[in-house]
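Enquirer: File follows, coords32.pdb with PDB, C-alpha atoms and all ligand atoms:
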```pdb
ATOM      1  CA  MET D   9       0.000   0.000   0.000  1.00  0.00           C
ATOM      2  CA  THR D  10       1.344   3.440  -0.846  1.00  0.00           C
ATOM      3  CA  GLN D  11       1.757   5.805   2.066  1.00  0.00           C
ATOM      4  CA  THR D  12       1.342   9.093   0.270  1.00  0.00           C
ATOM      5  CA  ALA D  13       0.682  11.030   3.469  1.00  0.00           C
ATOM      6  CA  GLU D  14       4.102  10.043   4.859  1.00  0.00           C
ATOM      7  CA  ARG D  15       6.072  11.005   1.771  1.00  0.00           C
ATOM      8  CA  PRO D  16       7.823  14.348   1.926  1.00  0.00           C
ATOM      9  CA  GLN D  17       5.869  16.990   0.035  1.00  0.00           C
ATOM     10  CA  VAL D  18       7.579  18.580  -2.929  1.00  0.00           C
ATOM     11  CA  GLY D  19       7.435  22.355  -2.505  1.00  0.00           C
ATOM     12  CA  THR D  20       5.629  24.410  -5.085  1.00  0.00           C
ATOM     13  CA  GLY D  21       8.026  25.725  -7.705  1.00  0.00           C
ATOM     14  CA  GLN D  22       8.229  29.343  -8.693  1.00  0.00           C
ATOM     15  CA  VAL D  23       7.150  30.480 -12.143  1.00  0.00           C
ATOM     16  CA  VAL D  24       9.361  33.247 -13.498  1.00  0.00           C
ATOM     17  CA  TRP D  25       7.517  34.878 -16.391  1.00  0.00           C
ATOM     18  CA  PHE D  26       9.619  36.996 -18.776  1.00  0.00           C
ATOM     19  CA  THR D  27       7.534  39.393 -20.871  1.00  0.00           C
ATOM     20  CA  GLY D  28       8.709  42.035 -23.325  1.00  0.00           C
ATOM     21  CA  LEU D  29       9.146  42.974 -26.951  1.00  0.00           C
ATOM     22  CA  SER D  30      10.884  40.714 -29.441  1.00  0.00           C
ATOM     23  CA  GLY D  31      14.610  41.297 -29.035  1.00  0.00           C
ATOM     24  CA  ALA D  32      14.293  42.793 -25.560  1.00  0.00           C
ATOM     25  CA  GLY D  33      16.363  39.961 -24.074  1.00  0.00           C
ATOM     26  CA  LYS D  34      13.813  37.485 -22.684  1.00  0.00           C
ATOM     27  CA  SER D  35      15.468  34.357 -24.129  1.00  0.00           C
ATOM     28  CA  THR D  36      18.964  35.559 -23.300  1.00  0.00           C
ATOM     29  CA  LEU D  37      18.115  36.212 -19.642  1.00  0.00           C
ATOM     30  CA  ALA D  38      15.875  33.179 -19.184  1.00  0.00           C
ATOM     31  CA  GLY D  39      18.570  30.997 -20.780  1.00  0.00           C
ATOM     32  CA  ALA D  40      21.301  32.430 -18.557  1.00  0.00           C
ATOM     33  CA  LEU D  41      19.150  31.935 -15.458  1.00  0.00           C
ATOM     34  CA  HIS D  42      18.284  28.399 -16.516  1.00  0.00           C
ATOM     35  CA  ALA D  43      21.975  27.495 -16.931  1.00  0.00           C
ATOM     36  CA  GLU D  44      22.857  29.064 -13.584  1.00  0.00           C
ATOM     37  CA  LEU D  45      20.041  27.293 -11.716  1.00  0.00           C
ATOM     38  CA  GLN D  46      20.959  23.965 -13.283  1.00  0.00           C
ATOM     39  CA  ALA D  47      24.595  24.447 -12.299  1.00  0.00           C
ATOM     40  CA  ARG D  48      23.375  24.945  -8.715  1.00  0.00           C
ATOM     41  CA  GLY D  49      21.365  21.724  -8.813  1.00  0.00           C
ATOM     42  CA  VAL D  50      17.987  23.482  -8.865  1.00  0.00           C
ATOM     43  CA  ALA D  51      15.302  21.625 -10.840  1.00  0.00           C
ATOM     44  CA  ALA D  52      14.433  24.192 -13.492  1.00  0.00           C
ATOM     45  CA  GLU D  53      12.685  24.085 -16.854  1.00  0.00           C
ATOM     46  CA  LEU D  54      12.629  26.631 -19.636  1.00  0.00           C
ATOM     47  CA  LEU D  55       9.514  27.234 -21.741  1.00  0.00           C
ATOM     48  CA  ASP D  56      10.810  29.467 -24.507  1.00  0.00           C
ATOM     49  CA  GLY D  57       8.428  31.183 -26.933  1.00  0.00           C
ATOM     50  CA  ASP D  58      10.117  29.889 -30.074  1.00  0.00           C
ATOM     51  CA  ALA D  59      10.308  26.251 -28.900  1.00  0.00           C
ATOM     52  CA  VAL D  60       6.720  26.405 -27.652  1.00  0.00           C
ATOM     53  CA  ARG D  61       5.505  27.675 -31.011  1.00  0.00           C
ATOM     54  CA  GLU D  62       7.340  24.837 -32.796  1.00  0.00           C
ATOM     55  CA  ASN D  63       5.724  22.216 -30.587  1.00  0.00           C
ATOM     56  CA  LEU D  64       2.924  22.914 -28.111  1.00  0.00           C
ATOM     57  CA  SER D  65       1.509  25.852 -30.111  1.00  0.00           C
ATOM     58  CA  ARG D  66       2.409  24.791 -33.655  1.00  0.00           C
ATOM     59  CA  GLY D  67      -0.028  26.336 -36.119  1.00  0.00           C
ATOM     60  CA  LEU D  68      -1.000  29.302 -33.966  1.00  0.00           C
ATOM     61  CA  GLY D  69      -0.568  32.780 -35.423  1.00  0.00           C
ATOM     62  CA  PHE D  70      -0.330  36.227 -33.882  1.00  0.00           C
ATOM     63  CA  SER D  71      -3.940  37.392 -33.618  1.00  0.00           C
ATOM     64  CA  ARG D  72      -5.009  38.356 -30.109  1.00  0.00           C
ATOM     65  CA  GLU D  73      -6.931  35.090 -29.844  1.00  0.00           C
ATOM     66  CA  ASP D  74      -3.955  32.963 -30.896  1.00  0.00           C
ATOM     67  CA  ARG D  75      -1.503  34.818 -28.650  1.00  0.00           C
ATOM     68  CA  ASP D  76      -3.865  34.392 -25.699  1.00  0.00           C
ATOM     69  CA  THR D  77      -4.247  30.691 -26.472  1.00  0.00           C
ATOM     70  CA  ASN D  78      -0.465  30.378 -26.648  1.00  0.00           C
ATOM     71  CA  VAL D  79       0.000  32.158 -23.318  1.00  0.00           C
ATOM     72  CA  ARG D  80      -2.708  30.065 -21.612  1.00  0.00           C
ATOM     73  CA  ARG D  81      -1.161  26.838 -22.932  1.00  0.00           C
ATOM     74  CA  ILE D  82       2.236  27.863 -21.597  1.00  0.00           C
ATOM     75  CA  GLY D  83       0.582  28.734 -18.296  1.00  0.00           C
ATOM     76  CA  PHE D  84      -1.067  25.328 -18.115  1.00  0.00           C
ATOM     77  CA  VAL D  85       2.215  23.458 -18.617  1.00  0.00           C
ATOM     78  CA  ALA D  86       4.089  25.808 -16.275  1.00  0.00           C
ATOM     79  CA  GLY D  87       1.497  25.144 -13.576  1.00  0.00           C
ATOM     80  CA  LEU D  88       1.900  21.383 -13.901  1.00  0.00           C
ATOM     81  CA  LEU D  89       5.675  21.619 -13.631  1.00  0.00           C
ATOM     82  CA  ALA D  90       5.557  24.052 -10.713  1.00  0.00           C
ATOM     83  CA  LYS D  91       3.215  21.748  -8.824  1.00  0.00           C
ATOM     84  CA  HIS D  92       6.067  19.234  -8.785  1.00  0.00           C
ATOM     85  CA  GLY D  93       8.566  21.658  -7.375  1.00  0.00           C
ATOM     86  CA  VAL D  94      10.191  22.709 -10.632  1.00  0.00           C
ATOM     87  CA  THR D  95      11.253  26.325 -11.093  1.00  0.00           C
ATOM     88  CA  VAL D  96       9.707  27.279 -14.435  1.00  0.00           C
ATOM     89  CA  LEU D  97      11.145  29.998 -16.633  1.00  0.00           C
ATOM     90  CA  VAL D  98       8.753  31.271 -19.286  1.00  0.00           C
ATOM     91  CA  SER D  99       9.916  33.483 -22.120  1.00  0.00           C
ATOM     92  CA  ALA D 100       7.084  34.813 -24.279  1.00  0.00           C
ATOM     93  CA  ILE D 101       6.130  38.276 -25.498  1.00  0.00           C
ATOM     94  CA  SER D 102       2.718  37.747 -23.811  1.00  0.00           C
ATOM     95  CA  PRO D 103       1.615  41.240 -24.838  1.00  0.00           C
ATOM     96  CA  TYR D 104      -1.813  41.454 -23.199  1.00  0.00           C
ATOM     97  CA  ALA D 105      -1.867  42.595 -19.581  1.00  0.00           C
ATOM     98  CA  ASP D 106      -5.216  40.976 -18.724  1.00  0.00           C
ATOM     99  CA  THR D 107      -4.179  37.560 -19.998  1.00  0.00           C
ATOM    100  CA  ARG D 108      -0.811  37.741 -18.225  1.00  0.00           C
ATOM    101  CA  ARG D 109      -2.576  38.725 -15.002  1.00  0.00           C
ATOM    102  CA  GLU D 110      -5.037  35.869 -15.303  1.00  0.00           C
ATOM    103  CA  VAL D 111      -2.327  33.268 -15.975  1.00  0.00           C
ATOM    104  CA  LEU D 112       0.096  34.587 -13.356  1.00  0.00           C
ATOM    105  CA  ALA D 113      -2.677  34.610 -10.753  1.00  0.00           C
ATOM    106  CA  SER D 114      -3.111  30.865 -11.279  1.00  0.00           C
ATOM    107  CA  PHE D 115       0.367  30.130  -9.862  1.00  0.00           C
ATOM    108  CA  PRO D 116       0.929  29.959  -6.096  1.00  0.00           C
ATOM    109  CA  ARG D 117       4.396  31.497  -6.586  1.00  0.00           C
ATOM    110  CA  ALA D 118       4.992  33.759  -9.562  1.00  0.00           C
ATOM    111  CA  LEU D 119       7.449  36.441 -10.524  1.00  0.00           C
ATOM    112  CA  GLU D 120       6.639  38.771 -13.424  1.00  0.00           C
ATOM    113  CA  VAL D 121       9.788  40.038 -15.078  1.00  0.00           C
ATOM    114  CA  PHE D 122       9.444  42.956 -17.489  1.00  0.00           C
ATOM    115  CA  VAL D 123      12.344  42.689 -19.929  1.00  0.00           C
ATOM    116  CA  ASP D 124      12.376  46.204 -21.224  1.00  0.00           C
ATOM    117  CA  ALA D 125      14.250  47.954 -23.999  1.00  0.00           C
ATOM    118  CA  PRO D 126      12.861  50.831 -26.078  1.00  0.00           C
ATOM    119  CA  LEU D 127      11.574  50.156 -29.561  1.00  0.00           C
ATOM    120  CA  ASP D 128      14.478  51.979 -31.219  1.00  0.00           C
ATOM    121  CA  VAL D 129      16.956  49.735 -29.367  1.00  0.00           C
ATOM    122  CA  VAL D 130      15.240  46.463 -30.243  1.00  0.00           C
ATOM    123  CA  THR D 131      14.844  47.677 -33.807  1.00  0.00           C
ATOM    124  CA  GLN D 132      18.553  48.372 -33.940  1.00  0.00           C
ATOM    125  CA  ARG D 133      19.366  44.969 -32.425  1.00  0.00           C
ATOM    126  CA  ASP D 134      16.953  43.313 -34.852  1.00  0.00           C
ATOM    127  CA  VAL D 135      18.185  39.889 -33.708  1.00  0.00           C
ATOM    128  CA  LYS D 136      16.088  38.002 -36.274  1.00  0.00           C
ATOM    129  CA  GLY D 137      15.766  40.678 -38.953  1.00  0.00           C
ATOM    130  CA  LEU D 138      12.028  40.857 -38.263  1.00  0.00           C
ATOM    131  CA  TYR D 139      11.757  44.559 -37.357  1.00  0.00           C
ATOM    132  CA  LEU D 140      13.111  45.605 -40.757  1.00  0.00           C
ATOM    133  CA  LYS D 141      10.447  43.485 -42.414  1.00  0.00           C
ATOM    134  CA  ALA D 142       7.707  44.625 -40.026  1.00  0.00           C
ATOM    135  CA  ILE D 143       8.541  48.291 -40.592  1.00  0.00           C
ATOM    136  CA  ALA D 144       8.526  47.660 -44.339  1.00  0.00           C
ATOM    137  CA  GLY D 145       5.000  46.280 -43.896  1.00  0.00           C
ATOM    138  CA  GLU D 146       6.020  42.723 -44.757  1.00  0.00           C
ATOM    139  CA  ILE D 147       4.874  41.269 -41.403  1.00  0.00           C
ATOM    140  CA  ALA D 148       1.386  42.143 -40.238  1.00  0.00           C
ATOM    141  CA  HIS D 149       0.557  42.498 -36.528  1.00  0.00           C
ATOM    142  CA  PHE D 150       4.153  42.731 -35.394  1.00  0.00           C
ATOM    143  CA  THR D 151       4.379  43.536 -31.676  1.00  0.00           C
ATOM    144  CA  GLY D 152       5.520  47.089 -31.016  1.00  0.00           C
ATOM    145  CA  VAL D 153       5.263  48.064 -34.684  1.00  0.00           C
ATOM    146  CA  SER D 154       1.754  47.198 -35.844  1.00  0.00           C
ATOM    147  CA  ASP D 155       0.395  45.294 -32.838  1.00  0.00           C
ATOM    148  CA  PRO D 156       0.097  46.325 -29.181  1.00  0.00           C
ATOM    149  CA  TYR D 157       2.392  45.565 -26.293  1.00  0.00           C
ATOM    150  CA  GLU D 158       0.850  46.302 -22.912  1.00  0.00           C
ATOM    151  CA  ALA D 159       3.734  46.766 -20.481  1.00  0.00           C
ATOM    152  CA  PRO D 160       3.273  45.476 -16.928  1.00  0.00           C
ATOM    153  CA  GLU D 161       2.301  48.325 -14.593  1.00  0.00           C
ATOM    154  CA  ASN D 162       3.726  46.730 -11.502  1.00  0.00           C
ATOM    155  CA  PRO D 163       6.199  43.973 -12.404  1.00  0.00           C
ATOM    156  CA  ASP D 164       8.114  42.130  -9.701  1.00  0.00           C
ATOM    157  CA  LEU D 165      11.285  42.913 -11.599  1.00  0.00           C
ATOM    158  CA  HIS D 166      11.885  45.563 -14.263  1.00  0.00           C
ATOM    159  CA  LEU D 167      15.075  44.981 -16.225  1.00  0.00           C
ATOM    160  CA  ARG D 168      16.134  47.735 -18.624  1.00  0.00           C
ATOM    161  CA  THR D 169      18.363  45.696 -20.904  1.00  0.00           C
ATOM    162  CA  ASP D 170      19.606  48.790 -22.739  1.00  0.00           C
ATOM    163  CA  ARG D 171      21.060  50.053 -19.437  1.00  0.00           C
ATOM    164  CA  ILE D 172      22.346  46.923 -17.721  1.00  0.00           C
ATOM    165  CA  SER D 173      24.452  43.984 -18.840  1.00  0.00           C
ATOM    166  CA  VAL D 174      23.249  40.395 -19.095  1.00  0.00           C
ATOM    167  CA  ARG D 175      25.367  39.652 -15.989  1.00  0.00           C
ATOM    168  CA  GLN D 176      23.662  42.429 -14.021  1.00  0.00           C
ATOM    169  CA  GLY D 177      20.248  41.195 -15.143  1.00  0.00           C
ATOM    170  CA  LEU D 178      21.141  37.672 -14.074  1.00  0.00           C
ATOM    171  CA  ASP D 179      22.312  38.907 -10.670  1.00  0.00           C
ATOM    172  CA  GLU D 180      19.023  40.753 -10.136  1.00  0.00           C
ATOM    173  CA  LEU D 181      17.091  37.631 -11.074  1.00  0.00           C
ATOM    174  CA  LEU D 182      19.105  35.462  -8.690  1.00  0.00           C
ATOM    175  CA  ARG D 183      18.522  37.981  -5.906  1.00  0.00           C
ATOM    176  CA  ALA D 184      14.785  37.997  -6.589  1.00  0.00           C
ATOM    177  CA  LEU D 185      14.767  34.197  -6.383  1.00  0.00           C
ATOM    178  CA  GLY D 186      16.729  34.187  -3.145  1.00  0.00           C
ATOM    179  CA  GLU D 187      19.631  32.498  -4.941  1.00  0.00           C
ATOM    180  CA  ALA D 188      22.174  35.311  -4.783  1.00  0.00           C
TER     181      ALA D 188
HETATM  182  N1  LIG L 201       3.711  39.276 -35.667  1.00  0.00           N
HETATM  183  C1  LIG L 201       4.646  38.945 -34.758  1.00  0.00           C
HETATM  184  N2  LIG L 201       4.721  39.618 -33.571  1.00  0.00           N
HETATM  185  C2  LIG L 201       5.646  39.272 -32.670  1.00  0.00           C
HETATM  186  N3  LIG L 201       6.554  38.267 -32.834  1.00  0.00           N
HETATM  187  C3  LIG L 201       6.502  37.569 -33.989  1.00  0.00           C
HETATM  188  C4  LIG L 201       5.556  37.880 -34.987  1.00  0.00           C
HETATM  189  N4  LIG L 201       5.760  37.020 -36.040  1.00  0.00           N
HETATM  190  C5  LIG L 201       6.767  36.214 -35.692  1.00  0.00           C
HETATM  191  N5  LIG L 201       7.228  36.529 -34.462  1.00  0.00           N
HETATM  192  C6  LIG L 201       8.275  35.771 -33.760  1.00  0.00           C
HETATM  193  O1  LIG L 201       7.587  35.009 -32.773  1.00  0.00           O
HETATM  194  C7  LIG L 201       8.131  35.219 -31.489  1.00  0.00           C
HETATM  195  C8  LIG L 201       7.065  35.617 -30.470  1.00  0.00           C
HETATM  196  O2  LIG L 201       6.352  34.512 -30.088  1.00  0.00           O
HETATM  197  P1  LIG L 201       5.666  34.463 -28.675  1.00  0.00           P
HETATM  198  O3  LIG L 201       5.085  33.121 -28.567  1.00  0.00           O
HETATM  199  O4  LIG L 201       6.625  34.878 -27.623  1.00  0.00           O
HETATM  200  O5  LIG L 201       4.519  35.574 -28.804  1.00  0.00           O
HETATM  201  S1  LIG L 201       3.178  35.731 -27.955  1.00  0.00           S
HETATM  202  O6  LIG L 201       3.549  35.638 -26.525  1.00  0.00           O
HETATM  203  O7  LIG L 201       2.254  34.660 -28.319  1.00  0.00           O
HETATM  204  O8  LIG L 201       2.652  37.063 -28.313  1.00  0.00           O
HETATM  205  C9  LIG L 201       9.113  36.354 -31.582  1.00  0.00           C
HETATM  206  O9  LIG L 201      10.246  35.836 -30.932  1.00  0.00           O
HETATM  207  P2  LIG L 201      11.094  36.633 -29.831  1.00  0.00           P
HETATM  208  O10 LIG L 201      11.971  37.503 -30.647  1.00  0.00           O
HETATM  209  O11 LIG L 201      11.862  35.544 -29.147  1.00  0.00           O
HETATM  210  O12 LIG L 201      10.203  37.362 -28.890  1.00  0.00           O
HETATM  211  C10 LIG L 201       9.334  36.586 -33.068  1.00  0.00           C
HETATM  212  O13 LIG L 201      10.543  36.019 -33.451  1.00  0.00           O
HETATM  213  N1  LIG L 202      21.314  43.390 -20.834  1.00  0.00           N
HETATM  214  C1  LIG L 202      20.921  42.548 -21.769  1.00  0.00           C
HETATM  215  N2  LIG L 202      20.063  41.537 -21.456  1.00  0.00           N
HETATM  216  C2  LIG L 202      19.630  40.687 -22.406  1.00  0.00           C
HETATM  217  N3  LIG L 202      19.999  40.730 -23.718  1.00  0.00           N
HETATM  218  C3  LIG L 202      20.844  41.716 -24.080  1.00  0.00           C
HETATM  219  C4  LIG L 202      21.334  42.666 -23.134  1.00  0.00           C
HETATM  220  N4  LIG L 202      22.149  43.533 -23.768  1.00  0.00           N
HETATM  221  C5  LIG L 202      22.173  43.143 -25.052  1.00  0.00           C
HETATM  222  N5  LIG L 202      21.401  42.048 -25.262  1.00  0.00           N
HETATM  223  C6  LIG L 202      21.240  41.372 -26.569  1.00  0.00           C
HETATM  224  O1  LIG L 202      19.901  41.577 -27.018  1.00  0.00           O
HETATM  225  C7  LIG L 202      19.474  40.444 -27.770  1.00  0.00           C
HETATM  226  C8  LIG L 202      18.193  39.915 -27.163  1.00  0.00           C
HETATM  227  O2  LIG L 202      17.717  38.838 -27.929  1.00  0.00           O
HETATM  228  P1  LIG L 202      16.756  37.736 -27.329  1.00  0.00           P
HETATM  229  O3  LIG L 202      17.241  37.293 -25.994  1.00  0.00           O
HETATM  230  O4  LIG L 202      16.545  36.696 -28.381  1.00  0.00           O
HETATM  231  O5  LIG L 202      15.409  38.572 -27.106  1.00  0.00           O
HETATM  232  P2  LIG L 202      13.912  38.078 -26.979  1.00  0.00           P
HETATM  233  O6  LIG L 202      13.930  36.669 -26.453  1.00  0.00           O
HETATM  234  O7  LIG L 202      13.273  39.035 -26.013  1.00  0.00           O
HETATM  235  O8  LIG L 202      13.311  38.167 -28.348  1.00  0.00           O
HETATM  236  C9  LIG L 202      20.595  39.410 -27.736  1.00  0.00           C
HETATM  237  O9  LIG L 202      21.363  39.533 -28.911  1.00  0.00           O
HETATM  238  C10 LIG L 202      21.406  39.858 -26.498  1.00  0.00           C
HETATM  239  O10 LIG L 202      22.765  39.503 -26.606  1.00  0.00           O
END
```
Could you express the structure from this file as structure tokens?
Expert:
Amino acid sequence: MTQTAERPQVGTGQVVWFTGLSGAGKSTLAGALHAELQARGVAAELLDGDAVRENLSRGLGFSREDRDTNVRRIGFVAGLLAKHGVTVLVSAISPYADTRREVLASFPRALEVFVDAPLDVVTQRDVKGLYLKAIAGEIAHFTGVSDPYEAPENPDLHLRTDRISVRQGLDELLRALGEA
């Protein structure tokens, strides 16, 4: 007979939700934090926007409805992982404040991280060459150019990636997680 009641309970994992424009630095910071947590032996999982869209959300586009579906799907998986004590790092533009609020409120422990760089900076970075195309009108509904981005009003962490280094951002994240 299993003695579930006597087994040690796995603590609820924290969900660290990185939101911001394309090219703001979400993947870079979430990836750096993931590597650091793993090196410290912390059970951590990364749900990155691009990988999610290739798998869990394949076929979804960038209408409000599809973005919200994408964000809710990520939230569902993050919640399952967190329930088992995993620290979950989510990197997704997640542009709509209401949907973010709803999903974040479903986690017992959540940290909203606003990865923030002004439009002119991300346009200059143009990591994937998408801003050039969006500005030329070749990509419809591109966040920050022809589609909205609703910045968090009261994020747990606000990282201005045009003012701080990746290392400084990582240090702030570790501090916020009590891992400094
Ligand atoms: N129209 C439009 N708007 C914004 N982004 C676009 C668009 N089309 C493609 N891409 C690429 O898709 C990545 C964003 O996917 P996300 O899943 O993070 O977006 S969302 O949270 O569902 O809004 C985003 O990746 P990141 O640069 O990593 O943010 C872009 O590379
Ligand atoms: N302080 C910083 N934090 C994060 N990324 C930075 C920072 N400074 C410069 N960058 C650069 O900005 C780019 C961000 O790209 P990426 O992480 O893919 O953004 P996103 O996932 O938000 O689309 C990378 O080329 C990264 O090296």
Enquirer: On this file, the PyMOL selection byres (((not hetatm)) within 7 of (chain L and resi 202)) gives some set of residues; write that set as a list in words.
Expert: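 Given this file, the PyMOL selection byres (((not hetatm)) within 7 of (chain L and resi 202)) evaluates to Gly28, Leu29, Ser30, Gly31, Ala32, Gly33, Lys34, Ser35, Thr36, Leu37, Ser99, Arg133, Val135, Thr169, Asp170, Arg171, Ile172, Ser173, Val174 and Gly177 of chain D.
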Enquirer: Could you list, as a ChimeraX atom specification, all protein and nucleic acid residues with an atom at most 9 Å from ligand LIG 201 (chain L), counting all atoms listed in the file?
Expert: /D:27-35,56-61,65,68-72,74-79,99-104,134-138,142,147-155,157
Enquirer: Nearest residue to Pro116 in chain D out of D:Val129, D:Leu54, D:Gly93, D:Gly49, using all atoms listed in the file?
Expert: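 Among the listed residues, the smallest separation from Pro116 in chain D belongs to D:Gly93.
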Enquirer: Using the chain letters and numbering of this document, enumerate as a PyMOL selection string the residues selected by the PyMOL selection byres (((chain D and resi 50) around 12) and not hetatm).
Expert: chain D and resi 21-22+41-49+51-53+93-96+185+187
Enquirer: Could you dump the residues just selected with C-alpha atoms as a PDB file, keeping the file's coordinate frame?
Expert:
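What follows is the written file again-v9.pdb:
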```
ATOM      1  CA  GLY D  21       8.026  25.725  -7.705  1.00  0.00           C
ATOM      2  CA  GLN D  22       8.229  29.343  -8.693  1.00  0.00           C
ATOM      3  CA  LEU D  41      19.150  31.935 -15.458  1.00  0.00           C
ATOM      4  CA  HIS D  42      18.284  28.399 -16.516  1.00  0.00           C
ATOM      5  CA  ALA D  43      21.975  27.495 -16.931  1.00  0.00           C
ATOM      6  CA  GLU D  44      22.857  29.064 -13.584  1.00  0.00           C
ATOM      7  CA  LEU D  45      20.041  27.293 -11.716  1.00  0.00           C
ATOM      8  CA  GLN D  46      20.959  23.965 -13.283  1.00  0.00           C
ATOM      9  CA  ALA D  47      24.595  24.447 -12.299  1.00  0.00           C
ATOM     10  CA  ARG D  48      23.375  24.945  -8.715  1.00  0.00           C
ATOM     11  CA  GLY D  49      21.365  21.724  -8.813  1.00  0.00           C
ATOM     12  CA  ALA D  51      15.302  21.625 -10.840  1.00  0.00           C
ATOM     13  CA  ALA D  52      14.433  24.192 -13.492  1.00  0.00           C
ATOM     14  CA  GLU D  53      12.685  24.085 -16.854  1.00  0.00           C
ATOM     15  CA  GLY D  93       8.566  21.658  -7.375  1.00  0.00           C
ATOM     16  CA  VAL D  94      10.191  22.709 -10.632  1.00  0.00           C
ATOM     17  CA  THR D  95      11.253  26.325 -11.093  1.00  0.00           C
ATOM     18  CA  VAL D  96       9.707  27.279 -14.435  1.00  0.00           C
ATOM     19  CA  LEU D 185      14.767  34.197  -6.383  1.00  0.00           C
ATOM     20  CA  GLU D 187      19.631  32.498  -4.941  1.00  0.00           C
TER      21      GLU D 187
END
```
Enquirer: What is the distance, in Å and to one decimal place, between CA of Leu88 in chain D and CA of Ala118 in chain D?
Expert: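 Here the two named atoms are 13.5 Å from each other.
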Enquirer: Work out how far apart CA of Phe115 in chain D and CA of Gly67 in chain D are and give it in Å to one decimal.
Expert: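 Value for the CA of Phe115 in chain D-CA of Gly67 in chain D distance: 26.5 Å.
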Enquirer: Name all residues at most 9 Å from Arg80 in chain D (count only C-alpha atoms; drop same-chain ones fewer than 6 positions away) and give them as a VMD selection string.
Expert: chain D and resid 107 to 108 110 to 111
Enquirer: Go ahead and compute the interatomic distance for CA of Lys141 in chain D and CA of Glu120 in chain D, in Å to one decimal.
Expert: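 Spanning CA of Lys141 in chain D to CA of Glu120 in chain D is a straight-line distance of 29.6 Å.
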Enquirer: Nearest residue to Phe84 in chain D out of D:Leu140, D:Val130, D:Val23, D:Ala105, using all atoms listed in the file?
Expert: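 The shortest atom-to-atom distance to Phe84 in chain D comes from D:Val23.
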Enquirer: Neighbouring residues of Ala184 in chain D were defined as those with any atom within 9 Å, considering only C-alpha atoms; residues of the same chain fewer than 3 positions away were excluded. Please report them as a PyMOL selection string.
Expert: chain D and resi 119+164-165+179-181+187-188
Enquirer: Enclose all atoms of range 129-133 of chain D listed in the file in an axis-aligned box, grow every side by 3 Å, and hand back centre and edge lengths in Å to one decimal, as lines of an AutoDock Vina configuration file.
Expert:
```
center_x = 17.1
center_y = 47.4
center_z = -31.7
size_x = 10.5
size_y = 10.8
size_z = 10.6
```
Enquirer: Restricting the calculation to all atoms listed in the file, which member of D:Ile82, D:Ile143, D:Ala38, D:Leu55 is positioned closest to Leu127 in chain D?
Expert: D:Ile143
